[in-house]
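A.B. asks: Below is the file work-v6.txt, with compact mmCIF, C-alpha atoms.
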# COMPACT_ATOMS: atom_id res chain seq x y z
CA MET A 1 -16.95 -8.99 -1.03
CA LEU A 2 -13.26 -8.18 -1.36
CA GLY A 3 -10.57 -10.71 -2.27
CA ILE A 4 -7.86 -8.86 -0.41
CA ALA A 5 -8.49 -8.04 3.23
CA ALA A 6 -6.00 -5.21 3.60
CA CYS A 7 -2.91 -3.67 2.16
CA ASP A 8 0.43 -3.75 3.90
CA ARG A 9 0.34 -0.28 5.42
CA GLN A 10 3.99 -0.36 6.51
CA SER A 11 3.02 -1.09 10.07
CA PRO A 12 5.64 -1.25 12.83
CA GLU A 13 7.81 -4.34 12.99
CA ASN A 14 5.89 -7.39 14.26
CA ALA A 15 2.55 -5.54 14.12
CA GLN A 16 1.41 -7.80 11.31
CA PRO A 17 1.95 -11.52 11.81
CA GLN A 18 4.33 -13.08 9.35
CA SER A 19 3.49 -16.40 7.77
CA ALA A 20 5.07 -19.32 9.56
CA ALA A 21 4.54 -21.73 6.67
CA SER A 22 7.60 -23.53 5.38
CA GLY A 23 9.13 -21.83 2.39
CA THR A 24 8.54 -18.35 3.77
CA GLU A 25 11.28 -15.85 4.55
CA THR A 26 10.91 -12.31 5.78
CA ALA A 27 12.77 -9.51 4.07
CA GLN A 28 13.25 -7.67 7.36
CA ASN A 29 16.88 -8.74 7.61
CA ASP A 30 17.63 -6.82 4.43
CA THR A 31 18.74 -3.48 5.89
CA GLU A 32 18.19 -1.57 2.67
CA SER A 33 14.58 -2.76 2.56
CA ASP A 34 14.12 -1.92 6.26
CA HIS A 35 15.53 1.52 5.63
CA LYS A 36 12.85 2.26 3.05
CA GLY A 37 10.02 0.64 5.02
CA PHE A 38 9.59 -2.21 2.53
CA ASN A 39 9.34 -5.38 4.57
CA GLY A 40 7.65 -7.89 2.27
CA THR A 41 7.75 -11.61 2.90
CA LEU A 42 9.31 -13.95 0.34
CA ASP A 43 7.16 -17.08 -0.04
CA ILE A 44 8.35 -20.12 -2.03
CA ALA A 45 5.74 -22.58 -0.74
CA ASN A 46 3.97 -22.67 -4.14
CA ARG A 47 7.13 -23.01 -6.26
CA GLY A 48 6.35 -24.99 -9.42
CA ALA A 49 2.59 -24.35 -9.37
CA ALA A 50 1.06 -23.55 -12.75
CA MET A 51 -0.03 -20.02 -13.53
CA PRO A 52 -3.82 -19.78 -13.16
CA ASP A 53 -5.83 -19.11 -16.31
CA PHE A 54 -7.77 -15.91 -15.65
CA ALA A 55 -8.79 -13.05 -17.93
CA PHE A 56 -8.08 -9.37 -17.23
CA GLN A 57 -9.04 -6.18 -18.99
CA ASP A 58 -7.15 -2.99 -19.48
CA VAL A 59 -8.74 0.42 -18.89
CA ASN A 60 -9.98 0.43 -22.51
CA GLY A 61 -11.61 -3.03 -22.35
CA LYS A 62 -8.87 -5.04 -24.10
CA THR A 63 -8.60 -8.60 -22.70
CA LEU A 64 -5.50 -10.47 -21.58
CA ARG A 65 -5.52 -14.11 -20.45
CA SER A 66 -2.84 -15.02 -17.96
CA ALA A 67 -2.18 -18.21 -19.96
CA ASP A 68 -1.09 -15.96 -22.86
CA LEU A 69 1.80 -14.70 -20.72
CA LYS A 70 3.75 -17.95 -21.01
CA GLY A 71 6.91 -17.82 -23.10
CA GLN A 72 8.94 -15.38 -21.03
CA PRO A 73 9.24 -14.77 -17.29
CA VAL A 74 6.47 -12.58 -15.89
CA LEU A 75 6.04 -10.75 -12.61
CA ILE A 76 2.36 -10.29 -11.75
CA ASN A 77 1.77 -7.51 -9.23
CA LEU A 78 -1.58 -7.24 -7.43
CA TRP A 79 -2.22 -3.73 -6.22
CA ALA A 80 -4.93 -1.10 -5.70
CA THR A 81 -5.09 2.69 -5.96
CA TRP A 82 -6.20 2.93 -2.32
CA CYS A 83 -3.17 0.95 -1.06
CA GLY A 84 -0.34 3.36 -0.15
CA PRO A 85 2.52 0.81 -0.27
CA CYS A 86 1.21 -0.44 -3.62
CA VAL A 87 1.35 3.04 -5.13
CA LEU A 88 4.85 3.60 -3.67
CA GLU A 89 6.08 0.42 -5.41
CA MET A 90 4.77 1.34 -8.84
CA PRO A 91 7.63 3.64 -9.97
CA MET A 92 10.13 0.93 -8.97
CA LEU A 93 8.12 -1.67 -10.90
CA ASP A 94 8.07 0.64 -13.93
CA GLN A 95 11.87 0.96 -13.66
CA LEU A 96 12.20 -2.83 -13.25
CA ALA A 97 10.13 -3.38 -16.40
CA ALA A 98 12.33 -0.92 -18.29
CA SER A 99 15.62 -2.40 -17.14
CA HIS A 100 14.56 -5.96 -17.99
CA ALA A 101 12.62 -5.21 -21.19
CA GLY A 102 12.53 -8.27 -23.44
CA LYS A 103 13.55 -10.58 -20.57
CA LEU A 104 10.79 -9.95 -17.99
CA ARG A 105 7.23 -8.77 -18.42
CA VAL A 106 5.85 -6.86 -15.44
CA VAL A 107 2.05 -7.06 -15.32
CA THR A 108 0.24 -4.91 -12.78
CA VAL A 109 -3.28 -6.11 -11.98
CA SER A 110 -5.46 -3.66 -10.07
CA GLN A 111 -7.88 -4.96 -7.48
CA ASP A 112 -9.94 -1.74 -7.69
CA MET A 113 -13.44 -3.09 -8.18
CA GLY A 114 -15.41 -1.26 -10.85
CA GLN A 115 -13.14 1.79 -10.87
CA PRO A 116 -11.05 1.69 -14.06
CA GLU A 117 -11.07 5.51 -14.18
CA LYS A 118 -9.02 5.64 -10.93
CA VAL A 119 -6.43 3.26 -12.38
CA LYS A 120 -6.29 5.19 -15.64
CA ALA A 121 -5.91 8.50 -13.77
CA LEU A 122 -3.06 7.18 -11.60
CA PHE A 123 -1.16 5.78 -14.59
CA SER A 124 -1.64 9.06 -16.44
CA SER A 125 -0.52 11.26 -13.54
CA LYS A 126 2.53 9.11 -12.72
CA LYS A 127 3.47 8.70 -16.40
CA PHE A 128 4.37 5.02 -16.13
CA ALA A 129 6.04 4.17 -19.43
CA HIS A 130 6.60 0.41 -19.04
CA LEU A 131 3.64 -0.86 -17.02
CA GLU A 132 0.29 -1.95 -18.38
CA PRO A 133 -2.84 -1.02 -16.37
CA TRP A 134 -4.74 -4.32 -16.15
CA LEU A 135 -7.86 -4.75 -14.02
CA ASP A 136 -9.21 -7.77 -12.14
CA PRO A 137 -12.77 -6.61 -11.37
CA GLU A 138 -13.77 -9.97 -9.88
CA ASN A 139 -10.57 -10.19 -7.77
CA GLN A 140 -9.89 -13.64 -9.19
CA LEU A 141 -6.15 -13.42 -8.52
CA GLY A 142 -6.68 -12.10 -5.01
CA PHE A 143 -8.83 -15.12 -4.21
CA HIS A 144 -6.43 -17.49 -5.99
CA TYR A 145 -3.27 -16.23 -4.27
CA ASN A 146 -5.11 -15.93 -0.94
CA THR A 147 -2.39 -13.88 0.76
CA GLY A 148 -4.73 -11.38 2.38
CA LEU A 149 -2.35 -8.48 1.63
CA LEU A 150 -1.66 -5.95 -1.05
CA PRO A 151 0.69 -5.60 -2.70
CA THR A 152 1.37 -9.21 -3.64
CA SER A 153 3.73 -9.99 -6.51
CA VAL A 154 4.27 -13.42 -8.06
CA LEU A 155 7.15 -14.37 -10.36
CA TYR A 156 6.53 -17.03 -13.01
CA ASP A 157 9.18 -18.60 -15.22
CA ALA A 158 8.89 -18.80 -19.02
CA LYS A 159 6.93 -22.07 -18.73
CA GLY A 160 4.33 -20.44 -16.50
CA ARG A 161 5.48 -22.07 -13.25
CA GLU A 162 5.55 -20.08 -10.03
CA VAL A 163 9.04 -19.25 -8.75
CA TRP A 164 8.18 -17.16 -5.67
CA ARG A 165 5.76 -14.66 -4.16
CA MET A 166 6.54 -11.38 -2.48
CA ILE A 167 3.76 -10.65 0.00
CA GLY A 168 3.75 -7.02 1.04
CA ALA A 169 5.79 -4.08 -0.19
CA HIS A 170 9.26 -4.71 -1.61
CA ASP A 171 12.16 -2.52 -2.72
CA TRP A 172 12.15 -3.46 -6.43
CA ALA A 173 15.14 -1.18 -7.06
CA GLY A 174 17.36 -2.79 -4.42
CA PRO A 175 20.10 -5.41 -4.77
CA ARG A 176 17.91 -8.12 -3.27
CA THR A 177 15.65 -7.92 -6.33
CA SER A 178 18.56 -8.67 -8.67
CA ALA A 179 19.42 -11.74 -6.61
CA LEU A 180 15.79 -12.91 -6.55
CA LEU A 181 15.48 -12.58 -10.34
CA ALA A 182 18.91 -13.97 -11.27
CA ASP A 183 18.00 -17.67 -11.54
CA THR A 184 14.91 -16.98 -13.63
CA LEU A 185 16.33 -14.26 -15.88
CA GLY A 186 19.94 -15.40 -16.00
CA ARG A 187 22.85 -13.42 -14.64
Is it possible to express this structure as structure tokens?

C.D. replies:
Amino acid sequence: MLGIAACDRQSPENAQPQSAASGTETAQNDTESDHKGFNGTLDIANRGAAMPDFAFQDVNGKTLRSADLKGQPVLINLWATWCGPCVLEMPMLDQLAASHAGKLRVVTVSQDMGQPEKVKALFSSKKFAHLEPWLDPENQLGFHYNTGLLPTSVLYDAKGREVWRMIGAHDWAGPRTSALLADTLGR
């Protein structure tokens, strides 16, 4: 049983239904994002919700509890090695983590079930210097966030309250990202 039904495979515009829930905005009006094929949906419907308390492991078996992430803003990115848009985002997330070191922690949580060697191999081949390869073998976050898509990224403030979700691929190197992070990280 998988917690995430599918990844956002950069399908043609309007091929995947966008959420109509209040607090949701599509990034398709951002021409830079359109240009690169990143058309994630910004969702603020859960703003203020507490960070769930789940445990993750890295590829060596070290444990991290999400509750331990409180104290500084954190961006949790759900992804999988088999999800093309997820893998395309990773270098931008690594760059984001580097450029905001000390102000924002970027935590990537793989939804690859029982395949830590694939995650380890990808991180090794791509030489990510600022991302940590965490695993969620039970897909707890996928079930909790219940977006049905990978990648899904959720920003939490320093108190562990949700600020927004980006459902689908996003241009983490673009100007829209700076605007989305400004209130949480300061200008």

A.B. asks: Applying 10 Å and only C-alpha atoms, which residues near Met51 (chain A) remain after dropping the ones on its own chain fewer than 4 positions away? List them as a ChimeraX atom specification.

C.D. replies: /A:66-67,69-70,154-157,159-162

A.B. asks: Would you list the contacts of Glu89 (chain A) as a list in words, taking every protein, DNA or RNA residue within 10 Å and counting only C-alpha atoms, but skipping same-chain residues closer than 6 positions in sequence?

C.D. replies: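 Once the adjacent positions are removed, what remains is Phe38, Asn77, Trp79, Pro151, Ala169, His170, Asp171, Trp172 and Ala173 of chain A.
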
A.B. asks: Take CA of Leu180 (chain A) and CA of Trp164 (chain A) and report the distance between them in Å, one decimal.

C.D. replies: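 Those two atoms sit 8.8 Å apart.
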
A.B. asks: Please identify all polymer residues within 12 Å of Ala97 (chain A), counting all atoms listed in the file, omitting same-chain residues fewer than 4 positions from it, and present them as a ChimeraX atom specification.

C.D. replies: /A:73-77,90-93,101-108,128-132,172-173

A.B. asks: Which is closer to Gly71 (chain A) than all the others in A:Ala158, A:Leu181, A:Asp58, A:Met166, using only C-alpha atoms?

C.D. replies: A:Ala158

A.B. asks: Counting all atoms listed in the file, which of A:Asp183, A:Asp136, A:Asp43, A:Asp94 gets nearest to Ser110 (chain A)?

C.D. replies: A:Asp136
